[in-house]
Amino acid sequence: MLAKRIIPCLDVDRGRVVKGKKFQAIRDVADPVELAKRYNDEGADELVFYDITASNEDRDIFVDIVEKVATEINIPFTVGGGLRSVRDINCVLRAGADKVSINSAAIQNPPLLKDAASKFGSQCVVLSIDAKQTSPSKWSVFMNGGRIDTEIDAIEWAKRGAELGAGEIVVNAIDVDGVKNGYHLDLTKAIAEAVNIPIVASGGAGEIQHFATILQEGKADAALAASVFHYDEIKIPDLKNYLAKNGITMRRERSWK
Amino acid sequence: MIAIIDYGAGNIKSLQSALSKLNMDSCLTTNEHVITNSKAIILPGVGAFKDAMDALNEFSLTEVLQKEASLGKPILGICLGMQLLYDKSFEDGEWEGLAILNGTVKRIDSTVKVPHMGWNTLAHQSPNNLLTNINEQEFVYFVHSYYVDECNEQELVCSCDYGVQIPAIVQKNNIFGMQFHPEKSGKNGLQLLKNFGEMVL
């Protein structure tokens with residue numbers, strides 16, 4: 001049976017993993033390659049790296065990290081942040097990334113999803129959606145790190161993204177991101193029911209039960225989290241044991257023979 | 001030396017580093033001479049079937065691979081690389097494959113989420129040295145939207161249940177296929193690559 005996935009997310013700034021709360025107050029956490037190895041060994045199912053740096057010079061540092069990670073771990077990983085063209089995407093895929101996560105660039109230039117999917121396959125094109133509730137009946141898509149309200153309906157955008165060729169959607173509820181009160185159930189579930197591609201829930205994980213809720217009631221295929229893993233508040237093996245005991249299919253590895 | 005066919009886009013760095021962790025010599029190549037002198041060939045692949053066949057044709061590798069296969073050279077196709085070994089695919093049209101194995105490739109029916117993405121289990125279908133130290137129902141990483149339909153049952157080593165029975169590992173004499181990504185499948189994946197190496201090198 002297909003297992004639900006647990007995905008630690010690493011925000012990388014100038015060669016270091018950092019953690020922001022509600023996209024602000026960035027704090028330095030660790031070396032990305034070391035942290036990636038640790039999560040790989042602890043049984044993470046995938047990793048996500050977001051490049052949150054601004055300058056081109058720092059971009060080279062990031063690509064270098066992608067290359068190092070690819071040689072150190074043998075689980076899949078996604079790379080996102082600032083990918084604006086097929087060329088940018090090719091660069092990180094050639095560096096060893098398995099999937100790319102596209103956010104603002106897809107809003108500004110939706111054909112990018114289509115071009116990327118036809119060149120590299122839908123399986124490596126992840127549409128990342130930052131959404132926030134702006135009225136009782138509407139989830140609005142935000143861009144540029146949560147700063148600009150595009151007023152696009154998040155559920156409609158998810159459907160469009162899937163049609164254009166995205167093979168997976170990350171649903172990041174920015175009002176609950178970093179707050180640790182749980183994933184956003186309604187939004188995640190609404191998107192999971194609207195499209196027929198895998199959904200990754202992001203933002204809000206604080207306790208072990210939050211993962212169970214979003215993977216069961218929220219219908220997410222995977223749950224992404226950052227600080228609870230970075231600060232060792234939740235250990236991946238404990239989390240997977242708990243979820244498995246609660247009837248959620250989890251991949252667990254036998255010891256290396 | 002294992003020749004990894006480098007015919008275009010996609011992540012092959014991970015495959016290379018997995019092989020080097022296992023001390024299996026490999027090189028990325030499209031050179032006929034290197035390929036014919038290799039001990040085994042790995043045909044990787046992500047992306048679209050037609051683009052991959054076009055690229056193989058462009059590098060004049062289609063006949064090289066068919067000839068090597070008929071001469072008994074071990075060939076492992078991974079993911080799209082496995083699909084390319086078959087007669088044809090119905091991915092956005094109808095395209096001829098390498099026809100080294102008999103069968104056709106078609107889209108996973110959308111009664112389940114497509115792509116089939118994530119860790120799923122291997123059901124052993126026939127005993128095989130490839131499965132040394134691989135238990136029943138071990139997890140490996142899949143990411144694909146198409147699968148080999150009408151695969152010859154005698155060639156089926158492992159299947160994976162995802163709405164339909166998906167051939168996950170196949171073998172016919174010197175020809176091997178893995179629909180999942182062993183280089184991305186943690187320790188199980190490394191074990192499978194190691195077993196392949198021990199069988200063919």
# chains A, B, ... in the order shown; residues from 1 in each chain; ligands from 1

$ closest_atom_pairs --of "chain B" --to "chain A" --cutoff "8 Å" --atoms "only C-alpha atoms" --output "Markdown table"
| residue | atom | partner | partner_atom | distance |
| --- | --- | --- | --- | --- |
| B:Ala9 | CA | A:Phe120 | CA | 6.7 |
| B:Gly10 | CA | A:Leu93 | CA | 5.9 |
| B:Asn11 | CA | A:Gly96 | CA | 5.2 |
| B:Ile12 | CA | A:Gly96 | CA | 7.0 |
| B:Lys13 | CA | A:Gly96 | CA | 5.4 |
| B:Ser14 | CA | A:Ala70 | CA | 5.6 |
| B:Ser17 | CA | A:Thr71 | CA | 5.3 |
| B:Ala18 | CA | A:Asn74 | CA | 7.3 |
| B:Val46 | CA | A:Gly121 | CA | 6.7 |
| B:Gly47 | CA | A:Gly121 | CA | 4.0 |
| B:Ala48 | CA | A:Gly121 | CA | 6.0 |
| B:Ser110 | CA | A:Asn196 | CA | 7.6 |
| B:Val112 | CA | A:Asn196 | CA | 7.6 |
| B:Lys113 | CA | A:Asn196 | CA | 5.0 |
| B:Val114 | CA | A:Ile197 | CA | 5.5 |
| B:Pro115 | CA | A:Gly167 | CA | 6.3 |
| B:Met117 | CA | A:Pro198 | CA | 7.3 |
| B:Gly118 | CA | A:Leu2 | CA | 6.7 |
| B:Trp119 | CA | A:Ala3 | CA | 5.5 |
| B:Asn120 | CA | A:Leu2 | CA | 4.4 |
| B:Thr121 | CA | A:Met1 | CA | 6.0 |
| B:Asn133 | CA | A:Lys257 | CA | 7.0 |
| B:Glu138 | CA | A:Glu253 | CA | 7.7 |
| B:Phe139 | CA | A:Arg251 | CA | 6.2 |
| B:Val143 | CA | A:Gln123 | CA | 6.2 |
| B:His144 | CA | A:Gln123 | CA | 6.4 |
| B:Ser145 | CA | A:Gln123 | CA | 7.7 |
| B:Asp161 | CA | A:Met1 | CA | 6.7 |
| B:Tyr162 | CA | A:Met1 | CA | 7.3 |
| B:Glu183 | CA | A:Asn74 | CA | 6.1 |
| B:Lys184 | CA | A:Ile75 | CA | 4.4 |
| B:Ser185 | CA | A:Ile75 | CA | 5.8 |
| B:Gly186 | CA | A:Asn74 | CA | 5.1 |
| B:Lys187 | CA | A:Trp256 | CA | 6.3 |
| B:Asn188 | CA | A:Glu253 | CA | 7.8 |

$ write_last_selection --atoms "N, CA, C and O atoms" --output "short mmCIF file (atom, residue, chain, number, x, y, z; two decimals), in the first residue's frame"
data_model
loop_
_atom_site.label_atom_id
_atom_site.label_comp_id
_atom_site.auth_asym_id
_atom_site.auth_seq_id
_atom_site.Cartn_x
_atom_site.Cartn_y
_atom_site.Cartn_z
N ALA B 9 17.69 15.17 -20.20
CA ALA B 9 17.34 15.81 -18.93
C ALA B 9 17.06 14.81 -17.83
O ALA B 9 16.81 13.64 -18.08
N GLY B 10 17.10 15.30 -16.63
CA GLY B 10 16.72 14.48 -15.49
C GLY B 10 17.87 14.26 -14.54
O GLY B 10 19.01 14.59 -14.83
N ASN B 11 17.52 13.69 -13.41
CA ASN B 11 18.50 13.52 -12.35
C ASN B 11 19.17 12.16 -12.45
O ASN B 11 18.59 11.14 -12.13
N ILE B 12 20.42 12.13 -12.91
CA ILE B 12 21.14 10.85 -12.91
C ILE B 12 22.29 10.87 -11.93
O ILE B 12 22.92 9.86 -11.68
N LYS B 13 22.49 12.05 -11.33
CA LYS B 13 23.56 12.18 -10.33
C LYS B 13 23.33 11.22 -9.15
O LYS B 13 24.27 10.60 -8.66
N SER B 14 22.07 11.09 -8.74
CA SER B 14 21.76 10.24 -7.60
C SER B 14 22.08 8.78 -7.90
O SER B 14 22.55 8.05 -7.04
N SER B 17 25.80 8.36 -7.70
CA SER B 17 26.37 8.34 -6.35
C SER B 17 25.95 7.08 -5.60
O SER B 17 26.72 6.56 -4.79
N ALA B 18 24.75 6.55 -5.90
CA ALA B 18 24.36 5.28 -5.27
C ALA B 18 25.31 4.16 -5.71
O ALA B 18 25.76 3.37 -4.89
N VAL B 46 13.64 9.83 -16.80
CA VAL B 46 12.45 10.53 -16.34
C VAL B 46 11.95 11.31 -17.53
O VAL B 46 12.68 11.49 -18.50
N GLY B 47 10.72 11.78 -17.45
CA GLY B 47 10.20 12.59 -18.54
C GLY B 47 9.29 11.78 -19.45
O GLY B 47 8.72 10.78 -19.05
N ALA B 48 9.17 12.25 -20.67
CA ALA B 48 8.20 11.68 -21.60
C ALA B 48 8.83 10.58 -22.47
O ALA B 48 9.98 10.66 -22.86
N SER B 110 -7.30 6.64 -13.67
CA SER B 110 -7.43 7.67 -12.64
C SER B 110 -8.46 7.35 -11.55
O SER B 110 -9.01 8.24 -10.91
N VAL B 112 -7.22 6.06 -9.10
CA VAL B 112 -6.26 6.41 -8.04
C VAL B 112 -5.56 7.70 -8.46
O VAL B 112 -5.68 8.12 -9.61
N LYS B 113 -4.84 8.32 -7.53
CA LYS B 113 -4.14 9.55 -7.88
C LYS B 113 -3.00 9.26 -8.85
O LYS B 113 -2.27 8.29 -8.69
N VAL B 114 -2.90 10.10 -9.86
CA VAL B 114 -1.83 9.96 -10.85
C VAL B 114 -1.10 11.31 -10.90
O VAL B 114 -1.75 12.34 -11.07
N PRO B 115 0.24 11.36 -10.79
CA PRO B 115 1.18 10.24 -10.72
C PRO B 115 1.09 9.40 -9.43
O PRO B 115 0.64 9.87 -8.39
N MET B 117 2.94 8.44 -6.72
CA MET B 117 4.12 9.10 -6.18
C MET B 117 4.29 8.75 -4.72
O MET B 117 3.41 8.98 -3.91
N GLY B 118 5.42 8.17 -4.40
CA GLY B 118 5.72 7.89 -3.00
C GLY B 118 6.21 6.47 -2.79
O GLY B 118 6.55 5.77 -3.74
N TRP B 119 6.23 6.08 -1.51
CA TRP B 119 6.79 4.77 -1.13
C TRP B 119 5.69 3.74 -1.14
O TRP B 119 4.68 3.88 -0.47
N ASN B 120 5.91 2.68 -1.92
CA ASN B 120 4.93 1.60 -1.99
C ASN B 120 5.65 0.27 -1.88
O ASN B 120 6.87 0.21 -1.98
N THR B 121 4.86 -0.78 -1.66
CA THR B 121 5.48 -2.06 -1.31
C THR B 121 5.64 -3.00 -2.50
O THR B 121 4.85 -2.98 -3.44
N ASN B 133 18.10 -10.57 0.38
CA ASN B 133 17.99 -9.61 1.50
C ASN B 133 16.86 -8.58 1.33
O ASN B 133 16.86 -7.54 1.99
N GLU B 138 8.59 -4.88 1.25
CA GLU B 138 9.50 -3.77 1.56
C GLU B 138 9.07 -2.56 0.71
O GLU B 138 8.57 -2.70 -0.41
N PHE B 139 9.35 -1.37 1.24
CA PHE B 139 8.99 -0.14 0.54
C PHE B 139 10.10 0.35 -0.40
O PHE B 139 11.27 0.34 -0.03
N VAL B 143 7.65 6.96 -8.73
CA VAL B 143 7.07 8.21 -9.22
C VAL B 143 6.88 8.07 -10.74
O VAL B 143 7.82 8.13 -11.51
N HIS B 144 5.64 7.77 -11.10
CA HIS B 144 5.34 7.54 -12.52
C HIS B 144 3.84 7.64 -12.77
O HIS B 144 3.04 7.47 -11.85
N SER B 145 3.49 7.90 -14.02
CA SER B 145 2.07 7.99 -14.39
C SER B 145 1.68 6.87 -15.36
O SER B 145 0.51 6.66 -15.64
N ASP B 161 0.86 -3.03 -5.88
CA ASP B 161 -0.58 -2.83 -6.01
C ASP B 161 -0.91 -1.34 -5.92
O ASP B 161 -0.71 -0.71 -4.89
N TYR B 162 -1.36 -0.77 -7.02
CA TYR B 162 -1.79 0.63 -7.00
C TYR B 162 -2.99 0.77 -7.95
O TYR B 162 -2.84 1.15 -9.10
N GLU B 183 17.73 4.09 -6.76
CA GLU B 183 18.71 5.07 -6.25
C GLU B 183 18.08 6.06 -5.28
O GLU B 183 18.77 6.83 -4.64
N LYS B 184 16.73 6.03 -5.19
CA LYS B 184 16.02 6.94 -4.29
C LYS B 184 15.28 6.16 -3.22
O LYS B 184 14.42 6.71 -2.55
N SER B 185 15.53 4.87 -3.14
CA SER B 185 14.72 4.01 -2.27
C SER B 185 15.46 3.58 -1.01
O SER B 185 15.30 2.45 -0.55
N GLY B 186 16.25 4.47 -0.47
CA GLY B 186 16.92 4.20 0.80
C GLY B 186 17.74 2.92 0.74
O GLY B 186 18.33 2.58 -0.28
N LYS B 187 17.77 2.22 1.88
CA LYS B 187 18.62 1.02 1.98
C LYS B 187 18.12 -0.10 1.08
O LYS B 187 18.92 -0.86 0.53
N ASN B 188 16.80 -0.23 0.94
CA ASN B 188 16.27 -1.29 0.06
C ASN B 188 16.74 -1.08 -1.37
O ASN B 188 17.08 -2.03 -2.08
#

$ select_by_dssp --residues "chain B" --states "strand (DSSP E)" --output "NGL selection string"
:B and (2-5 or 26-29 or 40-43 or 75-78 or 88-89 or 95-96 or 104-107 or 116-121 or 123-124 or 139-144 or 146-149 or 156-162 or 164-172 or 175-178)

$ closest_atom_pairs --of "range 66-129 of chain A" --to "range 8-21 of chain A" --cutoff "10 Å" --atoms "only C-alpha atoms" --output "JSON lines"
{"residue": "A:Phe77", "atom": "CA", "partner": "A:Cys9", "partner_atom": "CA", "distance": 9.7}
{"residue": "A:Thr78", "atom": "CA", "partner": "A:Cys9", "partner_atom": "CA", "distance": 9.3}
{"residue": "A:Val79", "atom": "CA", "partner": "A:Leu10", "partner_atom": "CA", "distance": 9.6}
{"residue": "A:Gly80", "atom": "CA", "partner": "A:Asp11", "partner_atom": "CA", "distance": 9.4}
{"residue": "A:Gly81", "atom": "CA", "partner": "A:Asp11", "partner_atom": "CA", "distance": 9.2}

$ write_last_selection --atoms "C-alpha atoms" --output "PDB file, in the first residue's frame"
ATOM      1  CA  PHE A  77      14.188  15.670  -2.578  1.00  0.00           C
ATOM      2  CA  THR A  78      12.476  18.728  -3.962  1.00  0.00           C
ATOM      3  CA  VAL A  79      14.085  22.089  -4.560  1.00  0.00           C
ATOM      4  CA  GLY A  80      12.233  25.391  -4.662  1.00  0.00           C
ATOM      5  CA  GLY A  81      12.698  29.116  -4.366  1.00  0.00           C
TER       6      GLY A  81
END

$ atom_distance --atom1 "CA of Met178 in chain B" --atom2 "CA of Ala162 in chain A"
26.8 Å

$ closest_residue --among "B:Leu131, B:Leu85, B:Ile78, B:Ala69" --to "Ala40 in chain B" --atoms "only C-alpha atoms"
B:Ala69

$ residues_around --residues "Ala190 in chain A" --least-positions-apart "3" --cutoff "12 Å" --atoms "only C-alpha atoms" --output "list in words"
Lys138, Trp139, Asp153, Ala154, Ile155, Glu156, Ala158, Lys159, Val171, His184, Leu185, Asp186, Leu187, Glu193, Ala194, Val195, Asn196, Ile199, Ala201, Ile214, Glu217, Gly218, Lys219 and Ala220 of chain A

$ write_last_selection --atoms "C-alpha atoms" --output "mmCIF file, in the first residue's frame"
data_model
loop_
_atom_site.group_PDB
_atom_site.id
_atom_site.type_symbol
_atom_site.label_atom_id
_atom_site.label_comp_id
_atom_site.auth_asym_id
_atom_site.auth_seq_id
_atom_site.Cartn_x
_atom_site.Cartn_y
_atom_site.Cartn_z
ATOM 1 C CA LYS A 138 -12.428 32.521 0.109
ATOM 2 C CA TRP A 139 -8.867 31.298 0.282
ATOM 3 C CA ASP A 153 -8.959 31.529 -5.460
ATOM 4 C CA ALA A 154 -6.647 28.835 -4.068
ATOM 5 C CA ILE A 155 -8.869 25.901 -5.005
ATOM 6 C CA GLU A 156 -9.308 27.147 -8.575
ATOM 7 C CA ALA A 158 -4.877 24.172 -7.630
ATOM 8 C CA LYS A 159 -7.187 22.771 -10.335
ATOM 9 C CA VAL A 171 -0.663 23.570 0.262
ATOM 10 C CA HIS A 184 -5.127 23.860 8.076
ATOM 11 C CA LEU A 185 -7.622 21.073 7.729
ATOM 12 C CA ASP A 186 -10.382 22.679 5.639
ATOM 13 C CA LEU A 187 -8.125 24.185 2.989
ATOM 14 C CA GLU A 193 -10.843 16.724 -3.047
ATOM 15 C CA ALA A 194 -10.594 19.106 -5.997
ATOM 16 C CA VAL A 195 -7.645 17.480 -7.813
ATOM 17 C CA ASN A 196 -6.413 13.951 -8.539
ATOM 18 C CA ILE A 199 -1.240 16.831 -1.890
ATOM 19 C CA ALA A 201 0.126 19.772 3.654
ATOM 20 C CA ILE A 214 -4.053 16.106 8.389
ATOM 21 C CA GLU A 217 -9.234 13.840 7.970
ATOM 22 C CA GLY A 218 -7.334 16.357 5.844
ATOM 23 C CA LYS A 219 -6.780 13.730 3.093
ATOM 24 C CA ALA A 220 -3.202 14.867 2.577
#

$ atom_distance --atom1 "CA of Ser128 in chain A" --atom2 "CA of Gly145 in chain A"
11.1 Å

$ select_by_dssp --residues "range 46-239 of chain A" --states "alpha helix (DSSP H)" --output "PyMOL selection string"
chain A and resi 56-72+86-94+104-108+111-120+154-164+185-194+208-216+227-230+236-239

$ write_last_selection --atoms "C-alpha atoms" --output "PDB file, in the first residue's frame"
ATOM      1  CA  ASN A  56      22.781  35.413  -7.766  1.00  0.00           C
ATOM      2  CA  GLU A  57      26.000  34.800  -5.923  1.00  0.00           C
ATOM      3  CA  ASP A  58      24.142  33.045  -3.138  1.00  0.00           C
ATOM      4  CA  ARG A  59      22.274  31.078  -5.792  1.00  0.00           C
ATOM      5  CA  ASP A  60      25.534  29.363  -6.735  1.00  0.00           C
ATOM      6  CA  ILE A  61      26.076  28.370  -3.101  1.00  0.00           C
ATOM      7  CA  PHE A  62      22.609  26.839  -3.128  1.00  0.00           C
ATOM      8  CA  VAL A  63      23.203  24.783  -6.295  1.00  0.00           C
ATOM      9  CA  ASP A  64      26.407  23.561  -4.720  1.00  0.00           C
ATOM     10  CA  ILE A  65      24.406  22.396  -1.689  1.00  0.00           C
ATOM     11  CA  VAL A  66      21.936  20.587  -3.955  1.00  0.00           C
ATOM     12  CA  GLU A  67      24.847  18.692  -5.517  1.00  0.00           C
ATOM     13  CA  LYS A  68      26.253  17.729  -2.140  1.00  0.00           C
ATOM     14  CA  VAL A  69      22.858  16.617  -0.843  1.00  0.00           C
ATOM     15  CA  ALA A  70      22.328  14.449  -3.938  1.00  0.00           C
ATOM     16  CA  THR A  71      25.506  12.529  -3.240  1.00  0.00           C
ATOM     17  CA  GLU A  72      24.808  12.137   0.473  1.00  0.00           C
ATOM     18  CA  VAL A  86      12.895  25.937 -17.685  1.00  0.00           C
ATOM     19  CA  ARG A  87      16.593  26.735 -17.589  1.00  0.00           C
ATOM     20  CA  ASP A  88      16.561  27.374 -13.816  1.00  0.00           C
ATOM     21  CA  ILE A  89      14.685  24.106 -13.359  1.00  0.00           C
ATOM     22  CA  ASN A  90      17.100  22.162 -15.538  1.00  0.00           C
ATOM     23  CA  CYS A  91      19.980  23.546 -13.500  1.00  0.00           C
ATOM     24  CA  VAL A  92      18.733  22.159 -10.160  1.00  0.00           C
ATOM     25  CA  LEU A  93      17.558  18.866 -11.690  1.00  0.00           C
ATOM     26  CA  ARG A  94      20.989  18.347 -13.228  1.00  0.00           C
ATOM     27  CA  SER A 104       5.302  32.855  -7.601  1.00  0.00           C
ATOM     28  CA  ALA A 105       6.743  32.141 -11.051  1.00  0.00           C
ATOM     29  CA  ALA A 106       3.772  29.903 -11.868  1.00  0.00           C
ATOM     30  CA  ILE A 107       1.352  32.692 -10.931  1.00  0.00           C
ATOM     31  CA  GLN A 108       3.186  35.230 -13.077  1.00  0.00           C
ATOM     32  CA  PRO A 111       2.768  28.195 -19.017  1.00  0.00           C
ATOM     33  CA  LEU A 112       5.968  27.563 -17.069  1.00  0.00           C
ATOM     34  CA  LEU A 113       4.196  24.620 -15.392  1.00  0.00           C
ATOM     35  CA  LYS A 114       3.234  23.227 -18.768  1.00  0.00           C
ATOM     36  CA  ASP A 115       6.679  23.723 -20.291  1.00  0.00           C
ATOM     37  CA  ALA A 116       8.394  22.155 -17.302  1.00  0.00           C
ATOM     38  CA  ALA A 117       5.993  19.201 -17.260  1.00  0.00           C
ATOM     39  CA  SER A 118       6.439  18.499 -20.948  1.00  0.00           C
ATOM     40  CA  LYS A 119      10.209  18.729 -20.754  1.00  0.00           C
ATOM     41  CA  PHE A 120      10.871  16.943 -17.454  1.00  0.00           C
ATOM     42  CA  ALA A 154      -6.647  28.835  -4.068  1.00  0.00           C
ATOM     43  CA  ILE A 155      -8.869  25.901  -5.005  1.00  0.00           C
ATOM     44  CA  GLU A 156      -9.308  27.147  -8.575  1.00  0.00           C
ATOM     45  CA  TRP A 157      -5.573  27.722  -8.825  1.00  0.00           C
ATOM     46  CA  ALA A 158      -4.877  24.172  -7.630  1.00  0.00           C
ATOM     47  CA  LYS A 159      -7.187  22.771 -10.335  1.00  0.00           C
ATOM     48  CA  ARG A 160      -5.588  24.941 -12.998  1.00  0.00           C
ATOM     49  CA  GLY A 161      -2.117  23.922 -11.845  1.00  0.00           C
ATOM     50  CA  ALA A 162      -2.982  20.242 -12.123  1.00  0.00           C
ATOM     51  CA  GLU A 163      -4.389  20.813 -15.624  1.00  0.00           C
ATOM     52  CA  LEU A 164      -1.234  22.620 -16.658  1.00  0.00           C
ATOM     53  CA  LEU A 185      -7.622  21.073   7.729  1.00  0.00           C
ATOM     54  CA  ASP A 186     -10.382  22.679   5.639  1.00  0.00           C
ATOM     55  CA  LEU A 187      -8.125  24.185   2.989  1.00  0.00           C
ATOM     56  CA  THR A 188      -6.010  21.053   2.600  1.00  0.00           C
ATOM     57  CA  LYS A 189      -9.042  18.818   2.379  1.00  0.00           C
ATOM     58  CA  ALA A 190     -10.808  21.093  -0.113  1.00  0.00           C
ATOM     59  CA  ILE A 191      -7.793  21.034  -2.426  1.00  0.00           C
ATOM     60  CA  ALA A 192      -7.245  17.286  -1.967  1.00  0.00           C
ATOM     61  CA  GLU A 193     -10.843  16.724  -3.047  1.00  0.00           C
ATOM     62  CA  ALA A 194     -10.594  19.106  -5.997  1.00  0.00           C
ATOM     63  CA  ILE A 208       2.414  14.586  16.765  1.00  0.00           C
ATOM     64  CA  GLN A 209      -1.419  14.440  16.584  1.00  0.00           C
ATOM     65  CA  HIS A 210      -1.472  17.230  13.993  1.00  0.00           C
ATOM     66  CA  PHE A 211       0.158  14.873  11.512  1.00  0.00           C
ATOM     67  CA  ALA A 212      -2.438  12.154  12.083  1.00  0.00           C
ATOM     68  CA  THR A 213      -5.296  14.618  11.636  1.00  0.00           C
ATOM     69  CA  ILE A 214      -4.053  16.106   8.389  1.00  0.00           C
ATOM     70  CA  LEU A 215      -3.161  12.724   6.856  1.00  0.00           C
ATOM     71  CA  GLN A 216      -6.511  11.176   7.785  1.00  0.00           C
ATOM     72  CA  SER A 227      10.944  23.623  13.092  1.00  0.00           C
ATOM     73  CA  VAL A 228       9.448  20.697  15.020  1.00  0.00           C
ATOM     74  CA  PHE A 229      12.093  18.545  13.347  1.00  0.00           C
ATOM     75  CA  HIS A 230      14.931  21.079  13.331  1.00  0.00           C
ATOM     76  CA  ILE A 236      10.765  11.213  12.975  1.00  0.00           C
ATOM     77  CA  PRO A 237      10.961   7.568  14.180  1.00  0.00           C
ATOM     78  CA  ASP A 238       8.598   8.362  17.086  1.00  0.00           C
ATOM     79  CA  LEU A 239       6.251  10.187  14.761  1.00  0.00           C
TER      80      LEU A 239
END

$ atom_distance --atom1 "CA of Asn173 in chain B" --atom2 "CA of Trp95 in chain B"
24.9 Å

$ residues_around --residues "range 194-198 of chain B" --least-positions-apart "4" --cutoff "9 Å" --atoms "only C-alpha atoms" --output "mmCIF file with N, CA and C atoms, in the first residue's frame"
data_model
loop_
_atom_site.group_PDB
_atom_site.id
_atom_site.type_symbol
_atom_site.label_atom_id
_atom_site.label_comp_id
_atom_site.auth_asym_id
_atom_site.auth_seq_id
_atom_site.Cartn_x
_atom_site.Cartn_y
_atom_site.Cartn_z
ATOM 1 N N LEU B 19 25.632 4.124 -6.996
ATOM 2 C CA LEU B 19 26.538 3.083 -7.496
ATOM 3 C C LEU B 19 27.927 3.242 -6.889
ATOM 4 N N LEU B 22 28.286 1.859 -3.549
ATOM 5 C CA LEU B 22 28.355 0.393 -3.572
ATOM 6 C C LEU B 22 29.637 -0.104 -4.247
ATOM 7 N N MET B 24 30.497 0.269 -7.254
ATOM 8 C CA MET B 24 30.244 -0.211 -8.610
ATOM 9 C C MET B 24 30.666 0.905 -9.568
ATOM 10 N N ALA B 40 27.874 -3.882 -18.177
ATOM 11 C CA ALA B 40 26.420 -3.799 -18.055
ATOM 12 C C ALA B 40 25.993 -2.380 -18.402
ATOM 13 N N LEU B 76 19.752 -2.832 -17.378
ATOM 14 C CA LEU B 76 18.740 -2.505 -16.374
ATOM 15 C C LEU B 76 18.065 -1.196 -16.765
ATOM 16 N N ASN B 129 17.400 -13.813 -7.695
ATOM 17 C CA ASN B 129 18.574 -13.361 -6.938
ATOM 18 C C ASN B 129 18.567 -11.860 -6.689
ATOM 19 N N LEU B 130 17.815 -11.135 -7.506
ATOM 20 C CA LEU B 130 17.691 -9.692 -7.282
ATOM 21 C C LEU B 130 17.093 -9.399 -5.908
ATOM 22 N N LEU B 131 16.331 -10.367 -5.372
ATOM 23 C CA LEU B 131 15.604 -10.139 -4.117
ATOM 24 C C LEU B 131 16.369 -10.614 -2.878
ATOM 25 N N THR B 132 17.649 -10.902 -3.049
ATOM 26 C CA THR B 132 18.473 -11.280 -1.904
ATOM 27 C C THR B 132 18.421 -10.180 -0.844
ATOM 28 N N ASN B 133 18.102 -10.566 0.384
ATOM 29 C CA ASN B 133 17.986 -9.609 1.502
ATOM 30 C C ASN B 133 16.865 -8.579 1.330
ATOM 31 N N PHE B 176 16.682 -6.467 -17.349
ATOM 32 C CA PHE B 176 16.055 -6.192 -16.056
ATOM 33 C C PHE B 176 15.319 -4.854 -16.127
ATOM 34 N N GLY B 189 16.734 0.162 -1.792
ATOM 35 C CA GLY B 189 17.155 0.472 -3.157
ATOM 36 C C GLY B 189 18.623 0.149 -3.378
ATOM 37 N N LEU B 190 19.437 0.509 -2.391
ATOM 38 C CA LEU B 190 20.869 0.197 -2.504
ATOM 39 C C LEU B 190 21.082 -1.314 -2.554
#

$ closest_residue --among "B:Gly8, B:Pro74, B:Pro182, B:Pro44" --to "Tyr141 in chain B" --atoms "only C-alpha atoms"
B:Pro182
